[in-house]
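> Here it is, the structure in full.
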Amino acid sequence: MNQSSFWTWVGRIADLTAIIGLPSAFFLLRRYFRRLVSRRRIEAKPIGIDPQFKGLICCVSKLPAAAEPELVGSSIDLSPDITEKLRQGPIGAVLKAFELHRKHLRHCWLIVSPDSAACLDLIKQACRKYFPDVCLHEKPVTDVYERIDDVFETTHGIFRDCEQETDGELRPGDIIVDVTGGTKIMSIAVAMACLDADRQLEYIEQREQRTFYRIDITWEKIHTVARSGDQSRDAAAAPYELRP
């Protein structure tokens with residue numbers, strides 16, 4: 001190959017690289033400028049009766065010291081339907097999430113640590129009986145007490161590989177993450193992984209533990225937020241007036 005041909009091919013490769021890189025560069029620049037002129041607005045709203053998510057991610061908690069897994073397992077065996085006792089028990093948070101998404105749920109990823117193996121066994125037992133059409137995917141992690149890295153990367157990996165794992169049945173937008181269960185470190189890690197990419201989050205309120213809330217993440221212009229904030233500060237500073 002002569003020198004002119006060599007530089008011709010170098011030019012073609014450079015052109016091809018530029019063409020391929022333009023969409024990626026545009027996406028990154030768009031994301032960067034959006035962050036400059038806007039910020040996330042996070043709002044929790046009660047989830048409706050039919051959320052229509054086909055995928056669910058749950059963190060599995062360690063069984064409490066007072067829990068008796070044999071009794072829970074026996075209750076699952078003897079109960080044709082999920083009882084209130086099971087809902088209030090150590091696997092109740094996961095069961096309630098399954099009930100909420102029962103109509104459309106097809107896949108659930110369970111993030112588990114070595115300490116939560118006993119709880120995982122009970123969840124699998126209950127799911128085989130009450131949700132036989134749901135495919136469970138176990139995602140083991142090692143550290144759920146000090147570092148968030150394992151759970152954070154595992155959550156990203158679930159979204160990245162979900163199409164391959166489900167043979168194209170699910171896409172990332174079909175999945176919602178429940179942050180109710182697991183350790184606090186696990187909840188923080190999965191929440192950060194979702195906020196990092198504007199993914200769907202839910203949790204169950206902690207007073208009566210009956211209502212699920214979905215965390216809606218939107219973007220709003222910073223100057224709009226500043227105006228509303230100024231109005232709020234003015235209203236807070238104004239004295240309270242009795243009106244006839």
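Labeling convention for the structure tokens: chains A, B, ... as they appear, residues from 1 per chain, ligands from 1 in order of appearance.
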Report as a PyMOL selection string: the residues of range 134-176 of chain A with a DSSP assignment of alpha helix (DSSP H), based on the backbone of this structure.
chain A and resi 149-165
> Would you please give, as a PyMOL selection string, all residues of range 71-124 of chain A that DSSP assigns to strand (DSSP E or B) based on the backbone?
chain A and resi 107-112
> List as a list in words the protein and nucleic acid residues near range 161-163 of chain A, meaning an atom at most 10 Å away when only C-alpha atoms are counted, but skip any in the same chain fewer than 6 places from it.
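Those residues are Gly55, His107, Trp109, Glu169, Leu170, Arg171, Pro172, Asp174 and Ile175 of chain A.
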> Could you tell me how far CA of Ser61 in chain A lies from CA of Asp121 in chain A, in Å and to one decimal?
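Separation between CA of Ser61 in chain A and CA of Asp121 in chain A: 11.7 Å.
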> Pick the closest to Glu99 in chain A from A:Val190, A:Ile82, A:Val72, A:Leu63: which is it, counting only C-alpha atoms?
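Ranked by minimum distance to Glu99 in chain A, first place goes to A:Ile82.
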> At what distance in Å, to one decimal, does CA of Ala197 in chain A lie from CA of Phe131 in chain A?
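About the pair CA of Phe131 in chain A and CA of Ala197 in chain A: they are 29.5 Å apart.
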> Hey, could you make a per-residue contact list for range 98-177 of chain A against range 75-78 of chain A with 12 Å as the cut-off, showing the nearest pair of atoms and its distance in Å to one decimal, counting only C-alpha atoms, sorted by chain and number, as a tab-separated table?

residue	atom	partner	partner_atom	distance
A:Asp121	CA	A:Ile76	CA	11.8
A:Leu122	CA	A:Ile76	CA	8.5
A:Ile123	CA	A:Ile76	CA	9.8
A:Lys124	CA	A:Ile76	CA	10.8
A:Gln125	CA	A:Ile76	CA	7.6
A:Ala126	CA	A:Ile76	CA	6.2
A:Cys127	CA	A:Ile76	CA	9.8
A:Arg128	CA	A:Ile76	CA	10.3
A:Lys129	CA	A:Ile76	CA	8.0
A:Tyr130	CA	A:Ile76	CA	9.1
> Produce a file of the selected residues containing C-alpha atoms, as a CSV table (one decimal), in the first residue's frame.

chain,number,residue,atom,x,y,z
A,121,ASP,CA,-35.9,-19.3,50.6
A,122,LEU,CA,-39.2,-18.2,52.1
A,123,ILE,CA,-39.8,-15.7,49.3
A,124,LYS,CA,-39.1,-18.4,46.7
A,125,GLN,CA,-41.5,-20.8,48.5
A,126,ALA,CA,-44.2,-18.2,48.6
A,127,CYS,CA,-43.7,-17.1,44.9
A,128,ARG,CA,-43.9,-20.7,43.7
A,129,LYS,CA,-47.3,-21.0,45.3
A,130,TYR,CA,-48.9,-17.6,44.9
